[in-house]
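*Asks:* Supplied structure: start_12.csv, CSV, C-alpha atoms.
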chain,number,residue,atom,x,y,z
A,1,MET,CA,38.9,-56.9,22.5
A,2,ARG,CA,42.3,-56.1,21.0
A,3,LEU,CA,41.3,-57.8,17.8
A,4,PHE,CA,38.1,-55.7,17.7
A,5,LEU,CA,40.0,-52.5,18.3
A,6,PHE,CA,42.5,-53.4,15.6
A,7,ILE,CA,39.7,-54.1,13.0
A,8,LEU,CA,38.0,-50.8,14.0
A,9,PHE,CA,41.3,-48.9,13.6
A,10,LEU,CA,41.9,-50.6,10.2
A,11,THR,CA,38.4,-49.7,9.0
A,12,ALA,CA,38.8,-46.1,10.0
A,13,ALA,CA,42.2,-45.9,8.4
A,14,LEU,CA,40.9,-47.3,5.1
A,15,PHE,CA,37.9,-45.0,5.2
A,16,PHE,CA,40.0,-41.8,5.6
A,17,ALA,CA,42.6,-42.9,3.2
A,18,SER,CA,40.0,-43.5,0.5
A,19,GLY,CA,38.6,-40.1,1.2
A,20,CYS,CA,42.0,-38.4,0.9
A,21,ASN,CA,42.7,-40.0,-2.4
A,22,ARG,CA,39.2,-39.5,-3.8
A,23,GLU,CA,39.3,-37.4,-6.9
A,24,GLN,CA,36.7,-34.7,-7.4
A,25,GLN,CA,34.1,-35.7,-9.8
A,26,PRO,CA,34.2,-33.5,-12.9
A,27,LEU,CA,31.2,-31.1,-13.4
A,28,PRO,CA,28.7,-32.4,-15.9
A,29,ILE,CA,28.5,-30.8,-19.4
A,30,MET,CA,24.9,-29.7,-19.9
A,31,GLY,CA,25.3,-27.9,-23.2
A,32,THR,CA,27.5,-25.5,-25.2
A,33,ILE,CA,27.4,-21.8,-25.6
A,34,ASP,CA,28.6,-21.3,-29.2
A,35,LYS,CA,26.4,-18.5,-30.4
A,36,ASP,CA,28.2,-15.2,-31.1
A,37,PHE,CA,26.8,-12.0,-29.8
A,38,ARG,CA,27.6,-8.3,-29.8
A,39,PHE,CA,26.4,-6.2,-26.9
A,40,THR,CA,27.6,-3.0,-25.1
A,41,ASN,CA,28.7,-2.9,-21.5
A,42,GLN,CA,28.5,-0.2,-18.9
A,43,ASP,CA,31.6,1.5,-20.1
A,44,ASN,CA,30.3,1.7,-23.6
A,45,GLN,CA,32.7,-1.1,-24.7
A,46,VAL,CA,31.7,-3.7,-27.2
A,47,VAL,CA,31.4,-7.2,-25.6
A,48,THR,CA,31.3,-10.3,-27.8
A,49,ALA,CA,31.8,-14.0,-27.4
A,50,ASP,CA,35.5,-13.3,-27.9
A,51,THR,CA,35.6,-11.3,-24.6
A,52,PHE,CA,35.0,-14.6,-22.8
A,53,LYS,CA,37.2,-16.9,-24.9
A,54,ASP,CA,39.3,-19.2,-22.8
A,55,LYS,CA,37.7,-17.7,-19.7
A,56,VAL,CA,35.4,-19.3,-17.1
A,57,TYR,CA,32.4,-17.1,-16.6
A,58,VAL,CA,29.0,-16.8,-14.9
A,59,ALA,CA,26.1,-15.4,-16.8
A,60,ASP,CA,22.7,-14.2,-15.8
A,61,PHE,CA,19.7,-12.1,-17.0
A,62,PHE,CA,18.2,-9.2,-15.0
A,63,PHE,CA,17.0,-5.6,-15.3
A,64,THR,CA,18.0,-2.7,-13.1
A,65,SER,CA,14.4,-1.7,-12.1
A,66,CYS,CA,13.5,-5.2,-11.1
A,67,PRO,CA,11.8,-5.1,-7.7
A,68,THR,CA,11.8,-8.8,-6.9
A,69,ILE,CA,14.6,-11.3,-7.4
A,70,CYS,CA,17.2,-9.2,-9.0
A,71,PRO,CA,18.4,-7.4,-5.8
A,72,ILE,CA,19.0,-10.8,-4.2
A,73,MET,CA,20.7,-12.1,-7.4
A,74,LYS,CA,23.0,-9.1,-7.4
A,75,SER,CA,23.9,-9.4,-3.8
A,76,GLN,CA,24.7,-13.1,-4.4
A,77,MET,CA,26.7,-12.4,-7.5
A,78,VAL,CA,28.7,-9.9,-5.5
A,79,ARG,CA,29.7,-12.8,-3.3
A,80,VAL,CA,31.0,-14.6,-6.4
A,81,TYR,CA,32.7,-11.4,-7.6
A,82,GLU,CA,34.5,-10.9,-4.3
A,83,ALA,CA,35.5,-14.6,-4.0
A,84,PHE,CA,37.4,-14.3,-7.3
A,85,LEU,CA,38.4,-10.7,-7.3
A,86,GLY,CA,42.1,-11.6,-7.9
A,87,GLU,CA,41.3,-14.3,-10.5
A,88,PRO,CA,41.8,-13.0,-14.0
A,89,GLU,CA,40.4,-16.1,-15.6
A,90,LEU,CA,36.9,-15.6,-14.1
A,91,LEU,CA,34.5,-13.1,-15.6
A,92,LEU,CA,30.8,-12.2,-14.9
A,93,LEU,CA,28.2,-11.4,-17.5
A,94,SER,CA,24.9,-9.9,-16.6
A,95,HIS,CA,22.5,-9.2,-19.5
A,96,SER,CA,19.8,-6.6,-19.2
A,97,ILE,CA,16.4,-7.8,-20.5
A,98,ASP,CA,15.1,-4.3,-20.5
A,99,PRO,CA,17.5,-2.6,-22.9
A,100,ASP,CA,15.1,0.3,-23.6
A,101,HIS,CA,15.4,1.4,-20.0
A,102,ASP,CA,18.8,0.0,-19.2
A,103,THR,CA,21.0,2.2,-21.4
A,104,VAL,CA,24.7,2.3,-21.1
A,105,ALA,CA,24.4,5.3,-18.7
A,106,VAL,CA,21.9,3.5,-16.5
A,107,LEU,CA,24.1,0.4,-16.4
A,108,HIS,CA,27.1,2.6,-15.6
A,109,ASN,CA,25.4,4.1,-12.6
A,110,PHE,CA,24.2,0.6,-11.6
A,111,ALA,CA,27.7,-0.8,-11.8
A,112,GLU,CA,29.1,2.2,-9.9
A,113,GLY,CA,26.5,1.6,-7.2
A,114,LEU,CA,27.7,-2.0,-6.9
A,115,GLU,CA,31.3,-0.7,-6.8
A,116,VAL,CA,32.6,-3.4,-9.2
A,117,ASP,CA,35.3,-3.4,-11.8
A,118,SER,CA,34.0,-3.3,-15.4
A,119,GLU,CA,36.8,-5.4,-16.6
A,120,LYS,CA,35.6,-8.3,-14.4
A,121,TRP,CA,31.8,-7.8,-14.4
A,122,HIS,CA,30.1,-6.8,-17.6
A,123,PHE,CA,26.6,-5.4,-17.5
A,124,VAL,CA,25.4,-5.5,-21.1
A,125,THR,CA,22.6,-3.9,-23.1
A,126,GLY,CA,21.8,-4.1,-26.8
A,127,ASP,CA,19.3,-5.3,-29.3
A,128,LYS,CA,16.3,-6.8,-27.3
A,129,GLU,CA,15.7,-9.7,-29.7
A,130,ALA,CA,19.4,-10.6,-29.6
A,131,ILE,CA,19.5,-10.6,-25.8
A,132,TYR,CA,16.4,-12.7,-25.6
A,133,ALA,CA,17.9,-15.1,-28.2
A,134,MET,CA,20.9,-15.4,-26.0
A,135,ALA,CA,18.7,-16.2,-23.0
A,136,LYS,CA,17.2,-19.0,-25.0
A,137,HIS,CA,20.6,-20.2,-26.0
A,138,TYR,CA,21.6,-20.4,-22.3
A,139,MET,CA,18.3,-22.2,-21.7
A,140,LEU,CA,17.2,-19.5,-19.2
A,141,GLY,CA,13.6,-18.2,-19.3
A,142,VAL,CA,13.0,-14.5,-20.0
A,143,LYS,CA,9.7,-12.9,-20.9
A,144,GLU,CA,8.1,-9.5,-21.1
A,145,GLU,CA,5.0,-9.7,-18.9
A,146,LYS,CA,3.1,-6.4,-18.2
A,147,GLN,CA,1.3,-7.9,-15.2
A,148,ALA,CA,4.5,-8.9,-13.5
A,149,PRO,CA,6.2,-6.5,-11.0
A,150,GLY,CA,8.6,-4.5,-13.1
A,151,GLY,CA,7.1,-5.8,-16.3
A,152,TYR,CA,9.3,-8.9,-16.8
A,153,ILE,CA,9.6,-12.5,-15.7
A,154,HIS,CA,13.0,-14.1,-15.8
A,155,SER,CA,15.0,-16.9,-14.5
A,156,GLY,CA,17.0,-16.2,-11.3
A,157,SER,CA,19.6,-18.8,-12.3
A,158,PHE,CA,23.3,-18.3,-12.7
A,159,CYS,CA,24.8,-20.3,-15.5
A,160,LEU,CA,28.4,-21.5,-15.2
A,161,ILE,CA,30.4,-21.7,-18.5
A,162,ASP,CA,33.9,-23.2,-18.9
A,163,ARG,CA,36.8,-22.2,-21.0
A,164,GLN,CA,35.5,-24.1,-24.0
A,165,GLY,CA,32.0,-22.7,-23.8
A,166,GLY,CA,30.6,-25.8,-22.0
A,167,ILE,CA,27.7,-25.2,-19.7
A,168,ARG,CA,28.8,-26.8,-16.4
A,169,GLY,CA,26.0,-25.9,-14.0
A,170,TYR,CA,22.9,-23.8,-13.1
A,171,TYR,CA,22.5,-22.4,-9.7
A,172,ASP,CA,19.6,-20.5,-8.1
A,173,GLY,CA,21.0,-17.0,-7.8
A,174,THR,CA,18.6,-16.2,-4.9
A,175,ASP,CA,19.8,-19.1,-2.8
A,176,THR,CA,22.9,-18.7,-0.6
A,177,ASP,CA,23.6,-22.5,-0.4
A,178,GLU,CA,23.5,-22.8,-4.2
A,179,VAL,CA,25.8,-19.9,-4.7
A,180,ASP,CA,28.1,-21.5,-2.1
A,181,GLN,CA,28.2,-24.5,-4.4
A,182,LEU,CA,28.8,-22.3,-7.5
A,183,ILE,CA,31.8,-20.8,-5.7
A,184,ALA,CA,33.1,-24.3,-4.9
A,185,ASP,CA,32.5,-25.5,-8.5
A,186,LEU,CA,34.2,-22.4,-9.8
A,187,ARG,CA,37.3,-23.2,-7.8
A,188,GLN,CA,37.3,-26.7,-9.2
A,189,LEU,CA,36.8,-25.5,-12.7
A,190,LEU,CA,39.6,-22.9,-12.5
A,191,ASP,CA,41.9,-25.6,-11.1
A,192,GLU,CA,41.4,-27.8,-14.1
B,1,MET,CA,-29.1,-17.0,44.8
B,2,ASN,CA,-29.9,-13.7,43.1
B,3,ARG,CA,-28.1,-13.8,39.7
B,4,GLN,CA,-29.2,-10.5,38.4
B,5,PRO,CA,-26.2,-8.4,39.8
B,6,VAL,CA,-23.8,-11.0,38.4
B,7,GLN,CA,-25.5,-11.0,35.0
B,8,ARG,CA,-25.7,-7.2,34.9
B,9,ALA,CA,-21.9,-7.0,35.8
B,10,GLY,CA,-21.1,-9.6,33.1
B,11,GLY,CA,-23.2,-7.6,30.6
B,12,ILE,CA,-21.5,-4.3,31.4
B,13,PHE,CA,-18.1,-5.9,31.3
B,14,SER,CA,-18.8,-7.4,27.9
B,15,LEU,CA,-20.0,-4.1,26.6
B,16,VAL,CA,-16.9,-2.3,27.9
B,17,LEU,CA,-14.7,-5.0,26.4
B,18,ILE,CA,-16.4,-4.7,23.0
B,19,ILE,CA,-16.1,-0.9,23.0
B,20,PHE,CA,-12.5,-1.1,24.1
B,21,LEU,CA,-11.6,-3.6,21.3
B,22,TYR,CA,-13.5,-1.6,18.7
B,23,CYS,CA,-11.9,1.6,19.6
B,24,GLN,CA,-8.3,0.3,19.5
B,25,PRO,CA,-6.2,2.1,16.8
B,26,VAL,CA,-5.2,0.1,13.8
B,27,GLN,CA,-1.9,-1.4,15.0
B,28,ALA,CA,0.8,-2.6,12.6
B,29,SER,CA,0.6,-5.9,14.5
B,30,GLY,CA,2.8,-7.5,11.8
B,31,ASN,CA,1.1,-5.9,8.8
B,32,GLY,CA,3.7,-3.2,8.7
B,33,ASP,CA,6.4,-5.8,8.8
B,34,ARG,CA,4.7,-7.8,6.1
B,35,LEU,CA,4.4,-4.8,3.9
B,36,PHE,CA,8.1,-3.9,4.5
B,37,LYS,CA,9.2,-7.4,3.6
B,38,ALA,CA,7.1,-7.5,0.5
B,39,SER,CA,7.9,-3.9,-0.8
B,40,CYS,CA,11.2,-2.8,0.7
B,41,ALA,CA,13.4,-5.5,2.2
B,42,GLN,CA,14.4,-7.0,-1.1
B,43,CYS,CA,16.5,-4.0,-1.9
B,44,HIS,CA,17.0,-2.1,1.4
B,45,GLY,CA,17.7,-5.3,3.3
B,46,ALA,CA,16.0,-7.1,6.1
B,47,GLN,CA,17.5,-4.8,8.6
B,48,GLY,CA,17.2,-1.7,6.5
B,49,GLN,CA,20.9,-1.7,6.1
B,50,GLY,CA,21.0,-1.1,2.3
B,51,PHE,CA,23.4,-2.6,-0.1
B,52,ARG,CA,26.7,-1.0,-1.1
B,53,LYS,CA,25.9,2.3,-2.9
B,54,LEU,CA,23.2,0.7,-4.9
B,55,TYR,CA,20.3,0.5,-2.4
B,56,PRO,CA,20.6,3.1,0.3
B,57,PRO,CA,20.0,2.2,4.0
B,58,LEU,CA,16.8,3.1,5.7
B,59,THR,CA,18.5,3.5,9.0
B,60,GLY,CA,19.5,7.1,9.4
B,61,SER,CA,17.3,8.2,6.5
B,62,THR,CA,16.5,11.9,6.9
B,63,VAL,CA,13.5,11.6,4.7
B,64,LEU,CA,12.0,8.9,6.9
B,65,ALA,CA,12.8,11.0,10.0
B,66,ALA,CA,12.0,14.5,9.0
B,67,GLN,CA,10.1,14.5,5.7
B,68,PRO,CA,7.2,12.2,6.0
B,69,SER,CA,5.1,14.2,3.5
B,70,ARG,CA,7.5,13.0,0.7
B,71,LEU,CA,7.1,9.3,1.6
B,72,PRO,CA,3.7,8.4,0.1
B,73,CYS,CA,4.7,9.7,-3.4
B,74,LEU,CA,8.2,8.2,-3.1
B,75,ILE,CA,7.0,4.8,-2.0
B,76,ARG,CA,4.0,4.6,-4.4
B,77,PHE,CA,5.6,6.1,-7.5
B,78,GLY,CA,9.3,5.4,-7.0
B,79,ILE,CA,12.3,7.7,-7.7
B,80,LYS,CA,14.2,8.5,-10.8
B,81,GLY,CA,17.4,10.5,-11.1
B,82,ARG,CA,19.5,12.2,-8.5
B,83,PHE,CA,18.6,11.6,-4.8
B,84,ARG,CA,20.5,12.5,-1.7
B,85,THR,CA,20.7,9.7,1.0
B,86,ALA,CA,22.4,9.3,4.3
B,87,THR,CA,25.4,7.7,2.5
B,88,GLY,CA,25.7,10.2,-0.3
B,89,ARG,CA,24.1,11.1,-3.6
B,90,LEU,CA,22.7,8.5,-6.0
B,91,ASN,CA,21.7,8.7,-9.6
B,92,LEU,CA,19.5,5.7,-9.9
B,93,SER,CA,15.8,4.7,-10.0
B,94,MET,CA,13.7,3.1,-7.4
B,95,PRO,CA,10.7,1.2,-8.6
B,96,GLY,CA,7.3,2.3,-7.2
B,97,ASN,CA,4.7,0.2,-5.5
B,98,PRO,CA,1.5,1.4,-7.3
B,99,TRP,CA,-0.6,-1.4,-5.8
B,100,LEU,CA,-0.3,-0.1,-2.2
B,101,LYS,CA,-3.5,1.4,-1.0
B,102,GLU,CA,-3.7,4.5,1.3
B,103,GLY,CA,-4.2,2.4,4.4
B,104,GLU,CA,-1.3,0.1,3.5
B,105,LEU,CA,1.0,3.1,2.8
B,106,THR,CA,0.0,4.6,6.1
B,107,GLU,CA,0.9,1.4,8.0
B,108,LEU,CA,4.1,1.0,6.1
B,109,ILE,CA,5.2,4.6,6.7
B,110,ASN,CA,4.5,4.3,10.4
B,111,TYR,CA,6.3,1.0,10.6
B,112,LEU,CA,9.4,2.4,8.7
B,113,ARG,CA,9.5,5.5,10.9
B,114,SER,CA,9.1,3.5,14.1
B,115,ARG,CA,11.8,1.0,13.2
B,116,PHE,CA,14.4,3.0,11.3
B,117,THR,CA,14.5,6.4,13.0
B,118,THR,CA,16.5,7.0,16.2
B,119,SER,CA,14.2,9.5,17.8
B,120,PRO,CA,10.5,8.9,18.2
B,121,ALA,CA,8.6,9.8,15.0
B,122,PRO,CA,5.0,10.8,15.3
B,123,SER,CA,2.6,8.5,13.5
B,124,VAL,CA,1.0,9.8,10.2
B,125,THR,CA,-2.7,9.3,9.6
B,126,MET,CA,-4.4,8.0,6.5
B,127,GLU,CA,-5.9,11.5,6.0
B,128,GLN,CA,-2.4,13.0,5.8
B,129,VAL,CA,-1.2,10.3,3.4
B,130,ALA,CA,-4.2,10.9,1.2
B,131,GLY,CA,-3.5,14.6,1.2
B,132,TRP,CA,0.2,14.1,0.4
B,133,LEU,CA,-0.6,11.7,-2.5
B,134,LYS,CA,-2.7,14.4,-4.2
B,135,GLY,CA,0.5,16.5,-4.4
B,136,CYS,CA,2.6,13.9,-6.1
B,137,PRO,CA,4.4,15.1,-9.2
Have the structure of the file written as structure tokens, please.

*Replies:*
Amino acid sequence: MRLFLFILFLTAALFFASGCNREQQPLPIMGTIDKDFRFTNQDNQVVTADTFKDKVYVADFFFTSCPTICPIMKSQMVRVYEAFLGEPELLLLSHSIDPDHDTVAVLHNFAEGLEVDSEKWHFVTGDKEAIYAMAKHYMLGVKEEKQAPGGYIHSGSFCLIDRQGGIRGYYDGTDTDEVDQLIADLRQLLDE
Amino acid sequence: MNRQPVQRAGGIFSLVLIIFLYCQPVQASGNGDRLFKASCAQCHGAQGQGFRKLYPPLTGSTVLAAQPSRLPCLIRFGIKGRFRTATGRLNLSMPGNPWLKEGELTELINYLRSRFTTSPAPSVTMEQVAGWLKGCP
């Protein structure tokens, strides 16, 4: 009996010890964002690839009049925003896929409605072709579709990009559990 | 045994039951909730609580409570520009729901008014909704 208890104790000790020493697995690298861009944010400031140089950031595509997935995406992105409010190395980048409607003024009102800091969360508009080209570069689907509610179909994914422009993950921006994972992965990436 | 009185009673009962069921008013019975979830909850929240200053709450809405005549146009065609809500003024747009038929609009409006107003709000009828829609800008 004593021998059995000793072996049980030893097994448990080894198990927990291996867990404590286990290193986190690095996030995979799924691609690279190395295409320059030039858009305008909600404060009428020019935003380029340089804005995100040496930063970790999360990118998505949306439009302000979207009646379906965008409201949920924005409420989930607000969770990311609030989790890293005091972290200067983390930025957010939301591209409008309806730049004709989503002018700087519209984006400004939208950002004000969300009560977020423009230095941290950029809502950008610009040339439509250039925005759609960036979506393709991020490997996120975006399409104008008159039959769809709001007139567009687009991916609800959030894309995580590291300091070197490496794509480190895609997360369903409408799913709380996946955004929980994004927040955990962001912490890991920012600690690297 | 004389079955005629029993059969007659059964027939009268069935007839009364059929008339009773046929004459029941159209209840939301889940359809109002379904329409709310499909058309409103994404932005205004499952509890009508709104979201920050972006999507105003439905709870406490003066338009819902006191201005039902504005609701059909607002819900079907959306809003653009400045709009006063319970939490302040907004300068945003709300997408419309042009696919909602008059019957659905009626059910949705009655559901919203019964769920999100504090004092009892009289039901609106489809005839009223049809009339208010004619006046949409």

*Asks:* Residues of chain B near chain A: apply a cut-off of 6 Å, count all atoms listed in the file, and supply the list as a PyMOL selection string.

*Replies:* chain B and resi 43+52-54+95

*Asks:* One decimal, in Å: what's the spacing between CA of Lys134 (chain B) and CA of Glu145 (chain A)?

*Replies:*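 Distance reported for this atom pair: 29.3 Å.
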
*Asks:* Grab the CA of Arg168 (chain A) to CA of Tyr132 (chain A) distance for me, in Å with one decimal place.

*Replies:*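 Computed distance, CA of Arg168 (chain A) to CA of Tyr132 (chain A), equals 20.9 Å.
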
*Asks:* Quick one: distance from CA of Ser114 (chain B) to CA of Arg70 (chain B) in Å, one decimal?

*Replies:*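 Separation of CA of Ser114 (chain B) and CA of Arg70 (chain B): 16.5 Å.
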
*Asks:* Can you pull out the residues contacting region 135-139 of chain A? Cut-off 8 Å, using only C-alpha atoms, and skip same-chain residues under 2 positions away; I want them as a ChimeraX atom specification.

*Replies:* /A:33,35,61,131-133,141-142,159

*Asks:* Excluding region 75-79 of chain B and any residue of its chain fewer than 5 positions from it, enumerate the residues within 9 Å of it, using all atoms listed in the file, and give them as a PyMOL selection string.

*Replies:* chain B and resi 39+70+92-101+105+109+133+136

*Asks:* For Glu192 (chain A), find every residue with an atom within 12 Å (counting all atoms listed in the file), except residues of its own chain fewer than 2 positions away, and show them as a count of residues only.

*Replies:* 14

*Asks:* Could you check which of B:Gly135, B:Pro120, B:Lys80, B:Phe51 is closest to His101 (chain A), using all atoms listed in the file?

*Replies:*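 Looking at the shortest contact to His101 (chain A), the residue is B:Lys80.
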
*Asks:* Which residues are near Pro57 (chain B)? Cut-off 6 Å, all atoms listed in the file, ignore same chain within fewer than 5 positions. Put them as a list in words.

*Replies:*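 Everything that qualifies: His44, Gly48, Gln49 and Gly50 of chain B.
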
*Asks:* Taking 4 positions as the minimum chain separation for residues in the same chain, which residues sit within 10 Å of Asp100 (chain A) when counting all atoms listed in the file? Answer as a list in words.

*Replies:*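 Counting only the stated atoms, we get Ser96, Thr125, Gly126, Asp127 and Lys128 of chain A.
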
*Asks:* When distances are computed from all atoms listed in the file, which of A:Thr32, A:Gln42, A:Thr174, A:Gln76 shows the smallest separation from Ala105 (chain A)?

*Replies:*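 With all atoms listed in the file as the atom set, the closest residue is A:Gln42.
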
*Asks:* May I ask which of the residues A:Ser157, A:Gln147, A:Ser94, A:Thr103 is the closest one to Trp121 (chain A), counting only C-alpha atoms?

*Replies:* A:Ser94

*Asks:* When you count only C-alpha atoms, which of these residues is closest to Gly103 (chain B): B:Thr62, B:Gln4, B:Gln128, B:Thr118?

*Replies:* B:Gln128

*Asks:* Once you add 4 Å to each side, what are the centre and edge lengths of the axis-aligned box holding all listed atoms of region 98-108 of chain A? One decimal in Å, as JSON, if you can.

*Replies:*
{"center_x": 21.1, "center_y": 0.5, "center_z": -19.6, "size_x": 20.0, "size_y": 17.6, "size_z": 16.0}

*Asks:* For region 119-133 of chain B, where the input has fewer atoms than it should, I would like N, CA, C and O atoms rebuilt and written as an mmCIF file, in the coordinates of the input.

*Replies:*
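That gives us rebuild-v6.cif:
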data_model
loop_
_atom_site.group_PDB
_atom_site.id
_atom_site.type_symbol
_atom_site.label_atom_id
_atom_site.label_comp_id
_atom_site.auth_asym_id
_atom_site.auth_seq_id
_atom_site.Cartn_x
_atom_site.Cartn_y
_atom_site.Cartn_z
ATOM 1 N N SER B 119 15.055 8.837 16.804
ATOM 2 C CA SER B 119 14.200 9.500 17.800
ATOM 3 C C SER B 119 12.741 9.244 17.442
ATOM 4 O O SER B 119 12.419 8.994 16.275
ATOM 5 N N PRO B 120 11.868 9.285 18.434
ATOM 6 C CA PRO B 120 10.500 8.900 18.200
ATOM 7 C C PRO B 120 9.846 9.758 17.079
ATOM 8 O O PRO B 120 9.950 10.980 17.092
ATOM 9 N N ALA B 121 9.240 9.107 16.122
ATOM 10 C CA ALA B 121 8.600 9.800 15.000
ATOM 11 C C ALA B 121 7.113 9.702 15.155
ATOM 12 O O ALA B 121 6.577 8.600 15.260
ATOM 13 N N PRO B 122 6.424 10.850 15.168
ATOM 14 C CA PRO B 122 5.000 10.800 15.300
ATOM 15 C C PRO B 122 4.339 9.998 14.168
ATOM 16 O O PRO B 122 4.807 10.050 13.040
ATOM 17 N N SER B 123 3.254 9.302 14.485
ATOM 18 C CA SER B 123 2.600 8.500 13.500
ATOM 19 C C SER B 123 1.893 9.491 12.470
ATOM 20 O O SER B 123 1.500 10.605 12.828
ATOM 21 N N VAL B 124 1.787 9.027 11.246
ATOM 22 C CA VAL B 124 1.000 9.800 10.200
ATOM 23 C C VAL B 124 -0.347 9.112 10.146
ATOM 24 O O VAL B 124 -0.504 7.931 10.465
ATOM 25 N N THR B 125 -1.324 9.883 9.699
ATOM 26 C CA THR B 125 -2.700 9.300 9.600
ATOM 27 C C THR B 125 -2.988 9.083 8.109
ATOM 28 O O THR B 125 -2.317 9.604 7.205
ATOM 29 N N MET B 126 -4.036 8.317 7.890
ATOM 30 C CA MET B 126 -4.400 8.000 6.500
ATOM 31 C C MET B 126 -4.873 9.282 5.800
ATOM 32 O O MET B 126 -4.674 9.437 4.594
ATOM 33 N N GLU B 127 -5.471 10.197 6.569
ATOM 34 C CA GLU B 127 -5.900 11.500 6.000
ATOM 35 C C GLU B 127 -4.726 12.246 5.450
ATOM 36 O O GLU B 127 -4.754 12.841 4.370
ATOM 37 N N GLN B 128 -3.662 12.256 6.260
ATOM 38 C CA GLN B 128 -2.400 13.000 5.800
ATOM 39 C C GLN B 128 -1.867 12.327 4.583
ATOM 40 O O GLN B 128 -1.495 13.023 3.633
ATOM 41 N N VAL B 129 -1.809 11.002 4.586
ATOM 42 C CA VAL B 129 -1.200 10.300 3.400
ATOM 43 C C VAL B 129 -2.049 10.586 2.174
ATOM 44 O O VAL B 129 -1.487 10.856 1.110
ATOM 45 N N ALA B 130 -3.362 10.576 2.311
ATOM 46 C CA ALA B 130 -4.200 10.900 1.200
ATOM 47 C C ALA B 130 -3.965 12.273 0.634
ATOM 48 O O ALA B 130 -3.890 12.504 -0.570
ATOM 49 N N GLY B 131 -3.782 13.196 1.558
ATOM 50 C CA GLY B 131 -3.500 14.600 1.200
ATOM 51 C C GLY B 131 -2.178 14.706 0.451
ATOM 52 O O GLY B 131 -2.046 15.381 -0.576
ATOM 53 N N TRP B 132 -1.148 14.046 0.993
ATOM 54 C CA TRP B 132 0.200 14.100 0.400
ATOM 55 C C TRP B 132 0.211 13.473 -0.992
ATOM 56 O O TRP B 132 0.921 13.914 -1.875
ATOM 57 N N LEU B 133 -0.580 12.418 -1.145
ATOM 58 C CA LEU B 133 -0.600 11.700 -2.500
ATOM 59 C C LEU B 133 -1.152 12.646 -3.546
ATOM 60 O O LEU B 133 -0.760 12.547 -4.708
#
